[in-house]
file final-v3.csv (CSV, C-alpha atoms)
chain,number,residue,atom,x,y,z
A,1,MET,CA,-85.6,40.3,128.4
A,2,ALA,CA,-89.3,40.4,129.1
A,3,SER,CA,-90.5,40.7,132.7
A,4,SER,CA,-92.6,38.1,134.4
A,5,GLU,CA,-95.7,40.3,134.1
A,6,ASN,CA,-95.0,40.8,130.4
A,7,LYS,CA,-94.7,37.1,129.9
A,8,LEU,CA,-98.0,36.5,131.6
A,9,LEU,CA,-99.8,39.2,129.6
A,10,ILE,CA,-98.3,37.9,126.3
A,11,GLN,CA,-99.4,34.4,127.2
A,12,MET,CA,-103.0,35.6,128.0
A,13,ILE,CA,-103.2,37.8,124.9
A,14,HIS,CA,-102.2,34.8,122.8
A,15,LYS,CA,-104.8,32.6,124.5
A,16,LEU,CA,-107.5,35.2,123.9
A,17,GLY,CA,-106.6,35.2,120.2
A,18,LEU,CA,-105.5,38.9,120.2
A,19,SER,CA,-101.8,38.6,119.3
A,20,GLN,CA,-102.2,40.5,116.0
A,21,HIS,CA,-103.0,43.7,117.8
A,22,ASP,CA,-99.6,45.3,118.5
A,23,GLN,CA,-101.0,48.2,120.6
A,24,LEU,CA,-102.7,45.8,123.0
A,25,LEU,CA,-99.6,44.6,125.0
A,26,PRO,CA,-98.3,48.1,125.9
A,27,LYS,CA,-101.7,49.3,127.1
A,28,SER,CA,-102.4,46.1,129.0
A,29,THR,CA,-99.0,46.3,130.7
A,30,GLU,CA,-99.7,49.9,131.7
A,31,LEU,CA,-103.0,49.0,133.3
A,32,PHE,CA,-101.6,45.9,135.0
A,33,ARG,CA,-98.8,47.8,136.7
A,34,LEU,CA,-101.2,50.6,137.8
A,35,LEU,CA,-103.6,48.0,139.2
A,36,GLN,CA,-100.7,46.3,141.1
A,37,LEU,CA,-99.7,49.7,142.6
A,38,LYS,CA,-103.2,50.9,143.5
A,39,CYS,CA,-104.4,47.7,145.0
A,40,THR,CA,-104.2,47.9,148.8
A,41,GLY,CA,-105.2,45.1,151.1
A,42,GLY,CA,-108.0,43.0,149.6
A,43,ALA,CA,-109.2,45.7,147.2
A,44,THR,CA,-109.6,43.3,144.4
A,45,ASN,CA,-108.6,39.9,145.9
A,46,LEU,CA,-107.6,38.7,142.4
A,47,GLY,CA,-104.9,36.3,141.3
A,48,ASP,CA,-102.4,37.4,138.6
A,49,TYR,CA,-104.2,35.5,135.9
A,50,ALA,CA,-107.5,37.2,136.7
A,51,LYS,CA,-105.8,40.6,136.9
A,52,ALA,CA,-104.0,40.1,133.6
A,53,THR,CA,-107.2,39.0,131.8
A,54,ILE,CA,-109.2,41.9,133.2
A,55,CYS,CA,-106.5,44.4,132.3
A,56,ILE,CA,-106.4,43.0,128.8
A,57,ASN,CA,-110.2,43.3,128.7
A,58,LEU,CA,-110.1,47.0,129.8
A,59,ALA,CA,-107.3,47.7,127.3
A,60,THR,CA,-109.4,46.3,124.4
A,61,THR,CA,-112.3,48.5,125.5
A,62,LEU,CA,-110.1,51.6,125.5
A,63,LEU,CA,-108.6,50.7,122.1
A,64,SER,CA,-111.9,49.6,120.6
A,65,LEU,CA,-110.8,46.0,120.0
A,66,PRO,CA,-112.8,42.8,120.1
A,67,PHE,CA,-112.8,40.7,123.2
A,68,ASP,CA,-114.2,37.2,123.8
A,69,ASN,CA,-115.7,37.1,127.3
A,70,GLU,CA,-116.4,33.4,127.2
A,71,ILE,CA,-112.7,32.6,126.8
A,72,ALA,CA,-111.8,35.1,129.5
A,73,LEU,CA,-114.2,33.4,132.0
A,74,LYS,CA,-112.5,30.1,131.3
A,75,LEU,CA,-109.0,31.5,131.7
A,76,CYS,CA,-110.0,33.2,135.0
A,77,ALA,CA,-112.0,30.2,136.3
A,78,MET,CA,-114.7,32.7,137.3
A,79,ASN,CA,-118.5,32.9,136.7
A,80,LYS,CA,-120.0,35.9,134.9
A,81,SER,CA,-121.2,37.7,137.9
A,82,THR,CA,-117.9,37.5,139.8
A,83,TYR,CA,-116.0,38.5,136.7
A,84,ALA,CA,-118.3,41.5,136.0
A,85,ASN,CA,-117.9,42.7,139.7
A,86,ALA,CA,-114.1,42.3,139.5
A,87,LYS,CA,-114.0,44.2,136.3
A,88,ARG,CA,-116.1,47.1,137.7
A,89,THR,CA,-113.9,47.3,140.8
A,90,SER,CA,-110.8,47.4,138.6
A,91,GLU,CA,-112.3,50.2,136.5
A,92,LYS,CA,-112.9,52.2,139.7
A,93,ILE,CA,-109.4,51.6,141.0
A,94,LEU,CA,-107.8,52.6,137.7
A,95,ASP,CA,-110.3,55.5,137.3
A,96,ILE,CA,-111.2,54.4,133.7
A,97,SER,CA,-114.1,56.5,132.7
A,98,LYS,CA,-114.5,55.8,129.0
A,99,THR,CA,-118.1,55.4,128.1
A,100,ILE,CA,-119.0,52.1,126.5
A,101,GLY,CA,-120.9,53.1,123.3
A,102,ILE,CA,-122.6,51.3,120.4
A,103,SER,CA,-119.4,51.1,118.4
A,104,GLU,CA,-117.5,49.4,121.2
A,105,ILE,CA,-120.3,46.9,122.0
A,106,CYS,CA,-120.7,46.0,118.3
A,107,ILE,CA,-117.0,45.4,117.9
A,108,GLN,CA,-116.6,43.3,121.0
A,109,LEU,CA,-119.6,41.2,120.2
A,110,GLY,CA,-119.0,40.9,116.4
A,111,LEU,CA,-122.2,42.8,115.6
A,112,ASN,CA,-120.9,45.4,113.1
A,113,GLN,CA,-123.9,44.9,110.9
A,114,ALA,CA,-126.1,46.3,113.6
A,115,GLN,CA,-124.1,49.4,114.4
A,116,LYS,CA,-125.7,51.8,111.9
A,117,GLU,CA,-129.3,50.7,112.8
A,118,ALA,CA,-128.5,50.8,116.5
A,119,SER,CA,-127.3,54.4,116.2
A,120,ILE,CA,-130.4,55.5,114.3
A,121,LEU,CA,-132.7,53.8,116.9
A,122,LEU,CA,-130.8,55.5,119.8
A,123,GLU,CA,-131.1,58.9,118.2
A,124,ASN,CA,-134.9,58.4,117.7
A,125,TYR,CA,-135.2,57.2,121.2
A,126,LYS,CA,-133.5,60.3,122.5
A,127,ARG,CA,-136.0,62.5,120.7
A,128,TYR,CA,-138.9,60.3,121.9
A,129,VAL,CA,-137.8,60.6,125.6
A,130,GLY,CA,-136.9,64.3,125.2
A,131,GLY,CA,-140.4,64.9,123.8
A,132,ALA,CA,-141.9,63.3,126.9
A,133,GLY,CA,-140.1,65.9,129.0
A,134,SER,CA,-137.3,63.7,130.4
A,135,SER,CA,-134.4,65.8,129.2
A,136,GLU,CA,-132.1,65.1,132.2
A,137,ILE,CA,-131.5,61.4,131.3
A,138,ASP,CA,-127.8,60.4,131.2
A,139,PHE,CA,-127.7,58.8,127.7
A,140,ALA,CA,-124.0,58.2,128.2
A,141,HIS,CA,-124.9,55.3,130.5
A,142,PRO,CA,-124.2,52.0,128.7
A,143,GLN,CA,-127.7,50.7,129.2
A,144,TYR,CA,-129.0,52.8,126.3
A,145,ALA,CA,-126.2,51.7,123.9
A,146,ALA,CA,-126.7,48.1,124.9
A,147,MET,CA,-130.5,48.2,124.4
A,148,ALA,CA,-130.1,50.0,121.1
A,149,VAL,CA,-127.9,47.2,119.8
A,150,TYR,CA,-130.3,44.6,121.2
A,151,GLN,CA,-133.3,46.2,119.4
A,152,ALA,CA,-131.3,46.7,116.2
A,153,CYS,CA,-130.4,43.0,116.1
A,154,LYS,CA,-134.1,42.1,116.5
A,155,LYS,CA,-135.1,44.5,113.7
A,156,LEU,CA,-132.4,43.1,111.4
A,157,LYS,CA,-133.4,39.5,112.3
A,158,VAL,CA,-130.0,38.8,113.9
A,159,LYS,CA,-130.2,36.8,117.1
A,160,PRO,CA,-129.1,39.2,119.8
A,161,PRO,CA,-126.6,37.9,122.5
A,162,LYS,CA,-128.9,39.1,125.3
A,163,THR,CA,-126.9,37.8,128.2
A,164,LYS,CA,-123.8,39.6,127.0
A,165,LEU,CA,-125.7,42.8,126.3
A,166,VAL,CA,-127.2,42.8,129.7
A,167,ALA,CA,-123.7,42.6,131.1
A,168,PHE,CA,-122.6,45.6,129.1
A,169,SER,CA,-125.7,47.5,130.3
A,170,HIS,CA,-124.6,47.3,134.0
A,171,LEU,CA,-128.3,46.6,134.8
A,172,LYS,CA,-129.9,43.9,136.9
A,173,PRO,CA,-132.2,41.6,134.9
A,174,THR,CA,-135.3,43.3,136.4
A,175,GLN,CA,-134.0,46.7,135.4
A,176,TRP,CA,-133.2,45.5,131.9
A,177,SER,CA,-136.8,44.2,131.6
A,178,MET,CA,-138.2,47.6,132.6
A,179,LEU,CA,-136.0,49.3,130.0
A,180,GLU,CA,-136.9,46.8,127.3
A,181,LYS,CA,-140.6,47.5,128.0
A,182,ASN,CA,-140.0,51.2,127.7
A,183,TRP,CA,-138.3,50.6,124.4
A,184,GLU,CA,-141.2,48.5,123.2
A,185,ASN,CA,-143.5,51.4,123.8
A,186,PHE,CA,-141.2,53.7,122.0
A,187,LEU,CA,-140.9,51.4,119.0
A,188,SER,CA,-144.7,50.9,118.9
A,189,SER,CA,-145.2,54.7,118.9
A,190,PHE,CA,-142.5,55.2,116.3
A,191,ALA,CA,-144.0,52.5,114.1
A,192,ASP,CA,-147.4,54.2,114.3
A,193,VAL,CA,-145.9,57.6,113.2
A,194,ASP,CA,-144.0,55.9,110.4
A,195,ALA,CA,-147.1,54.1,109.2
A,196,SER,CA,-149.0,57.4,109.2
A,197,GLU,CA,-146.3,59.1,107.2
A,198,LYS,CA,-146.3,56.2,104.7
A,199,SER,CA,-150.1,56.5,104.4
A,200,LYS,CA,-149.8,60.2,103.6
A,201,VAL,CA,-147.1,59.5,101.0
A,202,SER,CA,-149.2,56.8,99.5
A,203,LYS,CA,-152.3,59.1,99.2
A,204,ALA,CA,-150.1,61.8,97.7
A,205,ASN,CA,-148.8,59.3,95.1
A,206,GLU,CA,-152.4,58.2,94.3
A,207,THR,CA,-153.5,61.8,93.8
A,208,GLU,CA,-150.6,62.9,91.8
A,209,PRO,CA,-151.4,60.8,88.6
A,210,ARG,CA,-155.0,62.3,88.6
A,211,LEU,CA,-153.6,65.8,88.9
A,212,ILE,CA,-151.2,65.1,86.1
A,213,GLU,CA,-154.0,63.6,83.9
A,214,GLU,CA,-156.3,66.5,84.6
A,215,THR,CA,-153.5,69.0,83.9
A,216,ALA,CA,-152.8,67.1,80.6
A,217,VAL,CA,-156.5,67.3,79.6
A,218,ASP,CA,-156.5,71.1,80.3
A,219,THR,CA,-153.3,71.5,78.3
A,220,ARG,CA,-154.8,69.5,75.4
A,221,THR,CA,-158.0,71.6,75.5
A,222,ILE,CA,-156.0,74.8,75.6
A,223,GLY,CA,-153.9,73.5,72.8
A,224,LEU,CA,-156.9,72.7,70.7
A,225,LYS,CA,-158.3,76.2,71.2
A,226,HIS,CA,-155.1,77.8,70.2
A,227,SER,CA,-154.1,75.3,67.5
A,228,SER,CA,-156.5,76.8,64.8
A,229,PRO,CA,-157.2,80.4,65.8
A,230,GLU,CA,-159.7,82.4,63.7
A,231,LYS,CA,-158.1,84.7,61.2
A,232,ILE,CA,-158.4,88.4,62.3
A,233,GLU,CA,-159.7,90.6,59.4
A,234,PRO,CA,-157.6,93.8,58.9
A,235,TYR,CA,-159.4,96.9,59.9
A,236,VAL,CA,-159.2,98.5,56.5
A,237,ASN,CA,-160.9,95.6,54.8
A,238,TRP,CA,-163.5,95.3,57.5
A,239,LYS,CA,-164.3,99.1,57.2
A,240,LYS,CA,-164.6,98.8,53.4
A,241,ARG,CA,-166.8,95.7,53.6
A,242,MET,CA,-169.1,97.3,56.1
A,243,LEU,CA,-169.5,100.5,54.1
A,244,GLU,CA,-170.3,98.5,51.0
A,245,LYS,CA,-172.9,96.6,52.9
A,246,ALA,CA,-174.5,99.8,54.2
A,247,TYR,CA,-174.7,101.3,50.7
A,248,ARG,CA,-176.4,98.1,49.4
A,249,GLU,CA,-178.9,98.3,52.2
A,250,LEU,CA,-179.7,102.0,51.4
A,251,LYS,CA,-180.2,101.3,47.7
A,252,THR,CA,-182.7,98.5,48.5
A,253,ARG,CA,-184.9,100.8,50.6
call {"tool": "encode", "arguments": {"input": "final-v3.csv", "output": "structure tokens"}}
result
Amino acid sequence: MASSENKLLIQMIHKLGLSQHDQLLPKSTELFRLLQLKCTGGATNLGDYAKATICINLATTLLSLPFDNEIALKLCAMNKSTYANAKRTSEKILDISKTIGISEICIQLGLNQAQKEASILLENYKRYVGGAGSSEIDFAHPQYAAMAVYQACKKLKVKPPKTKLVAFSHLKPTQWSMLEKNWENFLSSFADVDASEKSKVSKANETEPRLIEETAVDTRTIGLKHSSPEKIEPYVNWKKRMLEKAYRELKTR
């Protein structure tokens, strides 16, 4: 028979629309029990519904499964800020250190189409910042993955869920704005370099047909010169002809 905690977790998983993921219940149960054991005094000050929802949320992150934050907030009857703080506190208590990356963010927000572009942008950003001499930046911090997904959505003309991405970044709105400005400078610089490279390729493409044409003309000219070579007179015949000519000239003197 299922325990009361199992019944609660099964109920919450069903309400979150995640019943099809068999591995989610065991992981959520493990986290829920650990949180119950490690919570001392008012460490979290959360009710069972909130604890269950947060543990399910943490389990989806660890298992790279989707999670609907809007439904979770309704189930917990909490606002975004309170929920985010409670989740961070629970992460610390449970010592969950898995880094939230581009893949996890895209899966949870249903932005799989932006994953590849976000990964490319983040790699280019790392080179850009590294080139500026800032090699000690902790790129494992979720702010960079969240911003990469945000910028990828903009580039792909997909409306980015900015509020949710800011929550994933663990940044305050003012910090997010500063990071966004930095990325705008990077993208502008990157666009200038890209345009320069495209210009070089375009000029090379314009020059290539002329080179091909000139080469073809040279080839045709060479071909004409060698297509009808003068006949070379055998030495014996030439010698005989020259001697005969010399004799004729002597006789006429």
call {"tool": "closest_residue", "arguments": {"input": "final-v3.csv", "among": "A:Asn79, A:Thr89, A:Gln115, A:Asn124", "to": "Ala191 of chain A", "atoms": "only C-alpha atoms"}}
result
A:Asn124
call {"tool": "atom_distance", "arguments": {"input": "final-v3.csv", "atom1": "atom CA of Ser119 of chain A", "atom2": "atom CA of Ser177 of chain A"}}
result
20.8 Å
call {"tool": "residues_around", "arguments": {"input": "final-v3.csv", "residues": "segment 20-35 of chain A", "least_positions_apart": "6", "cutoff": "10 Å", "atoms": "all atoms listed in the file", "output": "PDB file with C-alpha atoms, in the frame of the given file"}}
result
ATOM      1  CA  GLU A   5     -95.700  40.300 134.100  1.00  0.00           C
ATOM      2  CA  ASN A   6     -95.000  40.800 130.400  1.00  0.00           C
ATOM      3  CA  LEU A   8     -98.000  36.500 131.600  1.00  0.00           C
ATOM      4  CA  LEU A   9     -99.800  39.200 129.600  1.00  0.00           C
ATOM      5  CA  ILE A  10     -98.300  37.900 126.300  1.00  0.00           C
ATOM      6  CA  ILE A  13    -103.200  37.800 124.900  1.00  0.00           C
ATOM      7  CA  HIS A  14    -102.200  34.800 122.800  1.00  0.00           C
ATOM      8  CA  THR A  44    -109.600  43.300 144.400  1.00  0.00           C
ATOM      9  CA  ASP A  48    -102.400  37.400 138.600  1.00  0.00           C
ATOM     10  CA  LYS A  51    -105.800  40.600 136.900  1.00  0.00           C
ATOM     11  CA  ALA A  52    -104.000  40.100 133.600  1.00  0.00           C
ATOM     12  CA  THR A  53    -107.200  39.000 131.800  1.00  0.00           C
ATOM     13  CA  ILE A  54    -109.200  41.900 133.200  1.00  0.00           C
ATOM     14  CA  CYS A  55    -106.500  44.400 132.300  1.00  0.00           C
ATOM     15  CA  ILE A  56    -106.400  43.000 128.800  1.00  0.00           C
ATOM     16  CA  ASN A  57    -110.200  43.300 128.700  1.00  0.00           C
ATOM     17  CA  LEU A  58    -110.100  47.000 129.800  1.00  0.00           C
ATOM     18  CA  ALA A  59    -107.300  47.700 127.300  1.00  0.00           C
ATOM     19  CA  THR A  60    -109.400  46.300 124.400  1.00  0.00           C
ATOM     20  CA  LEU A  62    -110.100  51.600 125.500  1.00  0.00           C
ATOM     21  CA  LEU A  63    -108.600  50.700 122.100  1.00  0.00           C
ATOM     22  CA  LEU A  65    -110.800  46.000 120.000  1.00  0.00           C
ATOM     23  CA  SER A  90    -110.800  47.400 138.600  1.00  0.00           C
ATOM     24  CA  GLU A  91    -112.300  50.200 136.500  1.00  0.00           C
ATOM     25  CA  ILE A  93    -109.400  51.600 141.000  1.00  0.00           C
ATOM     26  CA  LEU A  94    -107.800  52.600 137.700  1.00  0.00           C
ATOM     27  CA  ILE A  96    -111.200  54.400 133.700  1.00  0.00           C
TER      28      ILE A  96
END
call {"tool": "closest_residue", "arguments": {"input": "final-v3.csv", "among": "A:Met147, A:Ala152, A:Phe67, A:Asp95", "to": "Lys38 of chain A", "atoms": "all atoms listed in the file"}}
result
A:Asp95
call {"tool": "closest_residue", "arguments": {"input": "final-v3.csv", "among": "A:Gln143, A:Pro160, A:Tyr150, A:Ser64", "to": "Gln175 of chain A", "atoms": "only C-alpha atoms"}}
result
A:Gln143
call {"tool": "atom_distance", "arguments": {"input": "final-v3.csv", "atom1": "atom CA of Cys76 of chain A", "atom2": "atom CA of Ala50 of chain A"}}
result
5.0 Å
call {"tool": "atom_distance", "arguments": {"input": "final-v3.csv", "atom1": "atom CA of Ile102 of chain A", "atom2": "atom CA of Ala86 of chain A"}}
result
22.8 Å
